[in-house]
Amino acid sequence: MKHTISILCDDIPGVMTRISGLFSRRGFNIESLTVGHTEIPDKSRFTIVVKGDDTVLEQVRKQLQKLIHVLKVRDIKRSLAVEREHALIKIRVNEEQRGEILQIITAVQARIVDSADNMWILEVTGNSIHIDNAFNLFRSYEILESIRTGKIALERGEPGSVK
């Protein structure tokens with residue numbers, strides 16, 4: 001089963017190593033890990049997606065909460081989350097394909113963020129399924145490079161109100 005874990009912690013060097021180390025020592029493969037600053041100065045929020053058994057993951061969650069610089073750990077339930085990913089896709093565009101590609105861009109609500117010669121860099125934002133669909137639609141064209149963020153997620157409602 002996939003789990004999305006949200007971790008609020010102090011923004012100091014070495015925290016990511018300690019957090020990711022707990023998962024690796026327990027044999028969890030991290031599918032996605034994102035980290036960024038929060039609304040609280042000097043605090044960061046990690047969003048980690050892992051597959052694993054509920055019982056073992058609960059042990060990892062408890063161990064995470066024991067780390068000195070970790071302030072709060074939550075297993076975010078999919079039904080209670082707002083989740084997003086972000087992707088940049090560089091594609092080669094020739095004159096014959098331009099119209100088709102513009103239709104796909106409109107359909108997946110992407111944006112052209114850069115164009116040079118016959119190459120466009122597209123930006124796509126949405127949930128995981130939306131990003132997967134965008135990649136599938138652009139696959140029939142020449143993708144030169146791409147990058148995709150991991151998932152970011154927040155629980156709906158007041159912080160701490162949803163259990």
# chains A, B, ... in the order shown; residues from 1 in each chain; ligands from 1

call {"tool": "residues_around", "arguments": {"residues": "Gln59 (chain A)", "least_positions_apart": "4", "cutoff": "12 Å", "atoms": "only C-alpha atoms", "output": "ChimeraX atom specification"}}
result
/A:22-23,26,52-55,63-66,73,75

call {"tool": "select_by_dssp", "arguments": {"residues": "region 60-121 of chain A", "states": "alpha helix (DSSP H)", "output": "PyMOL selection string"}}
result
chain A and resi 60-66+98-107

call {"tool": "write_last_selection", "arguments": {"atoms": "C-alpha atoms", "output": "compact mmCIF listing (two decimals), in the first residue's frame"}}
result
# COMPACT_ATOMS: atom_id res chain seq x y z
CA VAL A 60 8.80 4.13 11.26
CA ARG A 61 6.40 7.02 11.93
CA LYS A 62 6.92 6.61 15.69
CA GLN A 63 10.71 6.49 15.23
CA LEU A 64 10.58 9.63 13.07
CA GLN A 65 8.73 11.46 15.84
CA LYS A 66 11.58 10.61 18.22
CA ARG A 98 2.45 22.24 -34.00
CA GLY A 99 -1.37 22.23 -34.11
CA GLU A 100 -1.67 18.74 -32.59
CA ILE A 101 0.72 19.60 -29.78
CA LEU A 102 -1.13 22.85 -29.02
CA GLN A 103 -4.37 20.84 -28.71
CA ILE A 104 -2.72 18.47 -26.22
CA ILE A 105 -1.30 21.41 -24.27
CA THR A 106 -4.83 22.82 -23.99
CA ALA A 107 -6.32 19.44 -23.04

call {"tool": "atom_distance", "arguments": {"atom1": "CA of Ala87 (chain A)", "atom2": "CA of Lys72 (chain A)"}}
result
28.2 Å

call {"tool": "closest_residue", "arguments": {"among": "A:Asp42, A:Ile89, A:Ser128, A:Ile12", "to": "Val113 (chain A)", "atoms": "only C-alpha atoms"}}
result
A:Ile89

call {"tool": "select_by_dssp", "arguments": {"residues": "chain A", "states": "strand (DSSP E)", "output": "PyMOL selection string"}}
result
chain A and resi 2-10+30-37+43-51+70-76+81-92+111-116+119-126+143-148+152-155

call {"tool": "closest_atom_pairs", "arguments": {"of": "region 10-125 of chain A", "to": "region 140-149 of chain A", "cutoff": "6 Å", "atoms": "only C-alpha atoms", "output": "CSV"}}
result
residue,atom,partner,partner_atom,distance
A:Glu85,CA,A:Thr149,CA,5.7
A:His86,CA,A:Thr149,CA,5.4
A:Ala87,CA,A:Arg148,CA,4.3
A:Leu88,CA,A:Ile147,CA,5.5
A:Ile89,CA,A:Ser146,CA,4.4
A:Lys90,CA,A:Glu145,CA,5.2
A:Ile91,CA,A:Ile143,CA,4.4
A:Arg92,CA,A:Glu142,CA,5.5

call {"tool": "write_last_selection", "arguments": {"atoms": "N, CA and C atoms", "output": "PDB file, in the first residue's frame"}}
result
ATOM      1  N   GLU A  85       1.827  17.468  -8.258  1.00  0.00           N
ATOM      2  CA  GLU A  85       3.163  17.255  -8.795  1.00  0.00           C
ATOM      3  C   GLU A  85       3.371  18.291  -9.877  1.00  0.00           C
ATOM      4  N   HIS A  86       4.607  18.433 -10.284  1.00  0.00           N
ATOM      5  CA  HIS A  86       4.966  19.418 -11.293  1.00  0.00           C
ATOM      6  C   HIS A  86       5.924  18.742 -12.258  1.00  0.00           C
ATOM      7  N   ALA A  87       5.785  19.012 -13.553  1.00  0.00           N
ATOM      8  CA  ALA A  87       6.690  18.428 -14.540  1.00  0.00           C
ATOM      9  C   ALA A  87       7.066  19.471 -15.577  1.00  0.00           C
ATOM     10  N   LEU A  88       8.303  19.371 -16.054  1.00  0.00           N
ATOM     11  CA  LEU A  88       8.768  20.132 -17.206  1.00  0.00           C
ATOM     12  C   LEU A  88       9.113  19.123 -18.289  1.00  0.00           C
ATOM     13  N   ILE A  89       8.638  19.371 -19.496  1.00  0.00           N
ATOM     14  CA  ILE A  89       8.858  18.452 -20.619  1.00  0.00           C
ATOM     15  C   ILE A  89       9.374  19.269 -21.800  1.00  0.00           C
ATOM     16  N   LYS A  90      10.565  18.913 -22.285  1.00  0.00           N
ATOM     17  CA  LYS A  90      11.122  19.577 -23.469  1.00  0.00           C
ATOM     18  C   LYS A  90      10.847  18.688 -24.680  1.00  0.00           C
ATOM     19  N   ILE A  91      10.128  19.229 -25.661  1.00  0.00           N
ATOM     20  CA  ILE A  91       9.798  18.446 -26.849  1.00  0.00           C
ATOM     21  C   ILE A  91      10.261  19.177 -28.102  1.00  0.00           C
ATOM     22  N   ARG A  92      10.556  18.383 -29.131  1.00  0.00           N
ATOM     23  CA  ARG A  92      10.881  18.936 -30.442  1.00  0.00           C
ATOM     24  C   ARG A  92       9.552  19.141 -31.176  1.00  0.00           C
TER      25      ARG A  92
END

call {"tool": "residues_around", "arguments": {"residues": "Gly150 (chain A)", "least_positions_apart": "4", "cutoff": "9 Å", "atoms": "only C-alpha atoms", "output": "number ranges by chain"}}
result
A: 31-34, 47-49, 84-86

call {"tool": "closest_residue", "arguments": {"among": "A:Thr125, A:Asn29, A:Asn118, A:Ser20", "to": "Asn94 (chain A)", "atoms": "only C-alpha atoms"}}
result
A:Asn118

call {"tool": "residues_around", "arguments": {"residues": "Val70 (chain A)", "least_positions_apart": "5", "cutoff": "12 Å", "atoms": "only C-alpha atoms", "output": "list of chain:residue names"}}
result
A:Ser6, A:Ile7, A:Leu8, A:Cys9, A:Asp10, A:Asp11, A:Ile12, A:Gly14, A:Val15, A:Met16, A:Arg18, A:Ile19, A:Lys43, A:Ser44, A:Arg45, A:Phe46, A:Arg61, A:Lys62, A:Gln63, A:Leu64, A:Gln65

call {"tool": "decode", "arguments": {"residues": "region 15-152 of chain A", "atoms": "C-alpha atoms", "output": "compact mmCIF listing (two decimals), in the first residue's frame"}}
result
# COMPACT_ATOMS: atom_id res chain seq x y z
CA VAL A 15 17.90 16.31 8.82
CA MET A 16 17.19 14.81 5.38
CA THR A 17 19.92 12.21 5.89
CA ARG A 18 18.46 11.16 9.25
CA ILE A 19 14.90 10.99 7.93
CA SER A 20 15.71 9.07 4.74
CA GLY A 21 18.02 6.79 6.73
CA LEU A 22 15.13 5.60 8.89
CA PHE A 23 13.23 4.49 5.80
CA SER A 24 16.21 2.74 4.22
CA ARG A 25 17.13 0.91 7.45
CA ARG A 26 13.59 -0.50 7.52
CA GLY A 27 13.80 -1.58 3.87
CA PHE A 28 11.38 0.99 2.47
CA ASN A 29 12.10 2.31 -0.99
CA ILE A 30 11.21 6.00 -1.12
CA GLU A 31 9.19 6.53 -4.30
CA SER A 32 9.21 10.29 -4.00
CA LEU A 33 10.70 12.80 -1.60
CA THR A 34 10.11 16.54 -1.72
CA VAL A 35 11.14 19.14 0.79
CA GLY A 36 10.60 22.86 1.01
CA HIS A 37 10.35 25.83 3.32
CA THR A 38 7.08 26.42 5.15
CA GLU A 39 5.08 29.34 6.47
CA ILE A 40 7.09 28.99 9.70
CA PRO A 41 10.59 30.54 9.57
CA ASP A 42 13.43 28.00 9.84
CA LYS A 43 11.08 25.01 9.37
CA SER A 44 10.81 22.62 6.40
CA ARG A 45 8.13 20.18 5.34
CA PHE A 46 8.98 16.83 3.79
CA THR A 47 6.47 14.88 1.73
CA ILE A 48 7.58 11.27 1.34
CA VAL A 49 5.75 8.60 -0.66
CA VAL A 50 6.56 4.97 0.19
CA LYS A 51 5.01 1.57 -0.37
CA GLY A 52 4.78 -0.68 2.61
CA ASP A 53 2.93 -2.59 5.26
CA ASP A 54 0.79 -0.43 7.57
CA THR A 55 2.20 -1.94 10.78
CA VAL A 56 5.85 -1.48 9.87
CA LEU A 57 5.19 2.03 8.58
CA GLU A 58 3.56 2.92 11.89
CA GLN A 59 6.81 1.90 13.62
CA VAL A 60 8.80 4.13 11.26
CA ARG A 61 6.40 7.02 11.93
CA LYS A 62 6.92 6.61 15.69
CA GLN A 63 10.71 6.49 15.23
CA LEU A 64 10.58 9.63 13.07
CA GLN A 65 8.73 11.46 15.84
CA LYS A 66 11.58 10.61 18.22
CA LEU A 67 14.17 12.40 16.07
CA ILE A 68 15.33 15.61 17.77
CA HIS A 69 14.61 18.03 14.92
CA VAL A 70 11.30 16.46 13.82
CA LEU A 71 8.29 18.39 15.11
CA LYS A 72 5.30 16.60 13.57
CA VAL A 73 4.74 13.45 11.48
CA ARG A 74 1.50 12.60 9.69
CA ASP A 75 0.42 9.75 7.43
CA ILE A 76 -1.84 11.69 5.05
CA LYS A 77 -4.87 9.72 3.93
CA ARG A 78 -5.46 10.06 0.20
CA SER A 79 -9.13 10.97 0.69
CA LEU A 80 -8.16 13.85 2.99
CA ALA A 81 -5.30 15.26 0.92
CA VAL A 82 -4.72 17.89 -1.71
CA GLU A 83 -1.84 16.49 -3.78
CA ARG A 84 0.14 18.01 -6.64
CA GLU A 85 3.16 17.25 -8.79
CA HIS A 86 4.97 19.42 -11.29
CA ALA A 87 6.69 18.43 -14.54
CA LEU A 88 8.77 20.13 -17.21
CA ILE A 89 8.86 18.45 -20.62
CA LYS A 90 11.12 19.58 -23.47
CA ILE A 91 9.80 18.45 -26.85
CA ARG A 92 10.88 18.94 -30.44
CA VAL A 93 8.14 20.64 -32.44
CA ASN A 94 7.97 20.63 -36.22
CA GLU A 95 5.50 22.64 -38.31
CA GLU A 96 3.27 19.62 -39.08
CA GLN A 97 2.88 18.73 -35.40
CA ARG A 98 2.45 22.24 -34.00
CA GLY A 99 -1.37 22.23 -34.11
CA GLU A 100 -1.67 18.74 -32.59
CA ILE A 101 0.72 19.60 -29.78
CA LEU A 102 -1.13 22.85 -29.02
CA GLN A 103 -4.37 20.84 -28.71
CA ILE A 104 -2.72 18.47 -26.22
CA ILE A 105 -1.30 21.41 -24.27
CA THR A 106 -4.83 22.82 -23.99
CA ALA A 107 -6.32 19.44 -23.04
CA VAL A 108 -3.85 18.81 -20.21
CA GLN A 109 -3.82 22.47 -19.12
CA ALA A 110 -0.08 22.75 -19.71
CA ARG A 111 1.81 25.95 -20.45
CA ILE A 112 4.65 26.71 -22.83
CA VAL A 113 7.29 28.28 -20.57
CA ASP A 114 10.06 28.50 -23.14
CA SER A 115 10.40 28.17 -26.89
CA ALA A 116 13.56 28.31 -28.94
CA ASP A 117 14.01 27.19 -32.52
CA ASN A 118 11.95 24.01 -32.82
CA MET A 119 11.93 23.13 -29.10
CA TRP A 120 9.33 23.93 -26.45
CA ILE A 121 9.55 23.47 -22.71
CA LEU A 122 6.14 22.68 -21.29
CA GLU A 123 5.00 22.95 -17.68
CA VAL A 124 2.34 20.61 -16.32
CA THR A 125 0.90 20.69 -12.80
CA GLY A 126 -1.69 18.37 -11.27
CA ASN A 127 -2.18 15.17 -9.37
CA SER A 128 -0.12 12.07 -10.22
CA ILE A 129 -2.70 10.72 -12.67
CA HIS A 130 -2.87 14.07 -14.50
CA ILE A 131 0.94 14.14 -14.89
CA ASP A 132 0.99 10.49 -16.06
CA ASN A 133 -1.68 11.29 -18.67
CA ALA A 134 0.25 14.30 -19.93
CA PHE A 135 3.41 12.22 -20.36
CA ASN A 136 1.44 9.52 -22.18
CA LEU A 137 -0.04 12.05 -24.61
CA PHE A 138 3.33 13.67 -25.36
CA ARG A 139 5.12 10.32 -25.73
CA SER A 140 4.17 10.06 -29.40
CA TYR A 141 6.26 13.19 -30.03
CA GLU A 142 9.98 13.58 -29.53
CA ILE A 143 10.59 14.23 -25.83
CA LEU A 144 14.15 15.53 -25.53
CA GLU A 145 14.27 15.86 -21.74
CA SER A 146 11.88 15.80 -18.83
CA ILE A 147 11.85 16.16 -15.08
CA ARG A 148 9.10 15.51 -12.59
CA THR A 149 8.86 16.55 -8.97
CA GLY A 150 7.73 14.25 -6.27
CA LYS A 151 4.34 14.63 -4.71
CA ILE A 152 3.57 17.50 -2.39
